[in-house]
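Below is one structure; the comments refer to it alone.
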Amino acid sequence: MMEQAGKRPADICLIATTIGPGSFTGLRVGITMAKVLAYALKCDLVGLNTLDVLATQVFDAGLAGESGIVHAVLDAQRKELFVGRYQFGAGRLNKEDAILPAETWLRTLHDGDIVTGSGLIRYKDKLPPGIRIAPEGLHEPRAVTIGRLGQREHAAGRRDNFWTFSPLYIRPSYADEKKPVSSSS
């Protein structure tokens, strides 16, 4: 691909990637790959919130509608969702993040809101009337959006620390939650 673009690996100055929320294994693999590439190519690294990327895709497509409210949702397992609620106003994006039971999230939706994200798969048929679903092509983070947002952050001076760069875990893994608490005597 680089050859087709007339570029060499030494031409890369930035690796941008999503850092979560998402699956624990998927995040670990993706973050490790981004760090290895950045280290090997001696370039900068910028991590982006996956929910932010999904919402940006909807706003960029001009789909936010009259309410201007976009909900980006990812499956958090256990009948829960990672939810980002976004509204563009006063020249900036306002956002709220949470982990919510799916049924609770469904009750927060209002007529005219638009929803996106792979977390919709199980809940499309349960959406209240008046809720709009973004086109399926916007339900996963797109490389072009990640690249553009990463470049914007980089141009603004952001450089994530390679040695502390890690996934965005909003909660402990199920295995960590189930670990017995050791008592010290």
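FYI, nothing fancy with the structure tokens labels: chains A, B, ... in order, residues from 1 per chain, ligands from 1 as they appear.
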
Could you give me, as a PyMOL selection string, each residue of region 51-178 of chain A that DSSP assigns to helix (DSSP H, G or I) when run on this structure's backbone? chain A and resi 51-60+102-108+118-120+124-126+136-138+143-155+174-178

Residues near region 137-154 of chain A, cut-off 12 Å, only C-alpha atoms, skip fewer than 3 positions along chain, as a PDB file with C-alpha atoms, in the first residue's frame:
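Saved to result-v7.pdb:
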ATOM      1  CA  ILE A  12       5.296   8.145   8.432  1.00  0.00           C
ATOM      2  CA  CYS A  13       5.341  10.720  11.222  1.00  0.00           C
ATOM      3  CA  LEU A  14       2.178   9.734  13.132  1.00  0.00           C
ATOM      4  CA  ILE A  15       0.292   6.613  14.154  1.00  0.00           C
ATOM      5  CA  ALA A  16      -3.303   7.356  15.181  1.00  0.00           C
ATOM      6  CA  THR A  17      -5.606   4.708  16.622  1.00  0.00           C
ATOM      7  CA  THR A  18      -8.695   4.298  18.737  1.00  0.00           C
ATOM      8  CA  ILE A  19      -8.010   3.324  22.342  1.00  0.00           C
ATOM      9  CA  GLY A  20     -11.465   2.285  23.494  1.00  0.00           C
ATOM     10  CA  PRO A  21     -13.832   1.672  25.008  1.00  0.00           C
ATOM     11  CA  GLY A  22     -14.168  -1.765  23.481  1.00  0.00           C
ATOM     12  CA  CYS A  43       7.043   8.470  14.957  1.00  0.00           C
ATOM     13  CA  ASP A  44       4.441  10.127  17.178  1.00  0.00           C
ATOM     14  CA  LEU A  45       1.392   8.391  18.602  1.00  0.00           C
ATOM     15  CA  VAL A  46      -2.126   9.743  19.212  1.00  0.00           C
ATOM     16  CA  GLY A  47      -5.005   7.742  20.710  1.00  0.00           C
ATOM     17  CA  LEU A  48      -8.658   8.603  20.194  1.00  0.00           C
ATOM     18  CA  ASN A  49     -11.807   7.654  22.082  1.00  0.00           C
ATOM     19  CA  THR A  50     -13.767   5.221  19.897  1.00  0.00           C
ATOM     20  CA  LEU A  51     -17.106   6.829  20.815  1.00  0.00           C
ATOM     21  CA  ASP A  52     -15.761  10.249  19.772  1.00  0.00           C
ATOM     22  CA  VAL A  53     -14.793   8.850  16.381  1.00  0.00           C
ATOM     23  CA  LEU A  54     -18.254   7.324  15.856  1.00  0.00           C
ATOM     24  CA  ALA A  55     -20.031  10.558  16.782  1.00  0.00           C
ATOM     25  CA  THR A  56     -17.718  12.628  14.576  1.00  0.00           C
ATOM     26  CA  GLN A  57     -18.623  10.446  11.600  1.00  0.00           C
ATOM     27  CA  VAL A  58     -22.315  11.235  12.119  1.00  0.00           C
ATOM     28  CA  PHE A  59     -21.690  14.974  12.553  1.00  0.00           C
ATOM     29  CA  ASP A  60     -19.397  15.031   9.499  1.00  0.00           C
ATOM     30  CA  ALA A  61     -22.092  13.332   7.413  1.00  0.00           C
ATOM     31  CA  LEU A  63     -26.890  13.653  10.058  1.00  0.00           C
ATOM     32  CA  HIS A  71     -25.634   8.681  20.795  1.00  0.00           C
ATOM     33  CA  ALA A  72     -22.628   6.446  20.000  1.00  0.00           C
ATOM     34  CA  VAL A  73     -22.989   2.998  21.548  1.00  0.00           C
ATOM     35  CA  LEU A  74     -20.742  -0.054  21.821  1.00  0.00           C
ATOM     36  CA  ASP A  75     -21.568  -3.393  23.386  1.00  0.00           C
ATOM     37  CA  ILE A 114     -29.646   9.798  16.111  1.00  0.00           C
ATOM     38  CA  VAL A 115     -27.859   6.646  17.200  1.00  0.00           C
ATOM     39  CA  THR A 116     -24.775   4.927  15.817  1.00  0.00           C
ATOM     40  CA  GLY A 117     -22.352   2.183  16.755  1.00  0.00           C
ATOM     41  CA  SER A 118     -22.050  -1.567  16.743  1.00  0.00           C
ATOM     42  CA  GLY A 119     -23.852  -1.698  20.093  1.00  0.00           C
ATOM     43  CA  LEU A 120     -27.114  -1.214  18.210  1.00  0.00           C
ATOM     44  CA  ILE A 121     -27.101  -4.733  16.792  1.00  0.00           C
ATOM     45  CA  ILE A 133     -30.300   5.194  13.051  1.00  0.00           C
ATOM     46  CA  ALA A 134     -27.129   6.301  11.264  1.00  0.00           C
ATOM     47  CA  GLY A 157       0.561  19.791  19.553  1.00  0.00           C
ATOM     48  CA  ARG A 158      -0.708  16.568  21.080  1.00  0.00           C
ATOM     49  CA  ARG A 159       1.762  13.721  21.458  1.00  0.00           C
ATOM     50  CA  ASP A 160       0.764  10.735  23.576  1.00  0.00           C
TER      51      ASP A 160
END

Show which residues sit within 12 Å of Thr108 (chain A), as a ChimeraX atom specification. Count only C-alpha atoms, and ignore same-chain residues fewer than 5 positions away. /A:69-71,83-85,100-103,113,115,127-128,131

Enumerate, as an MDAnalysis selection string, the complete set of residues in region 31-127 of chain A that a backbone-based DSSP assignment places in strand (DSSP E or B). chainID A and resid 44:49 69:75 80:89 92:101 114:116
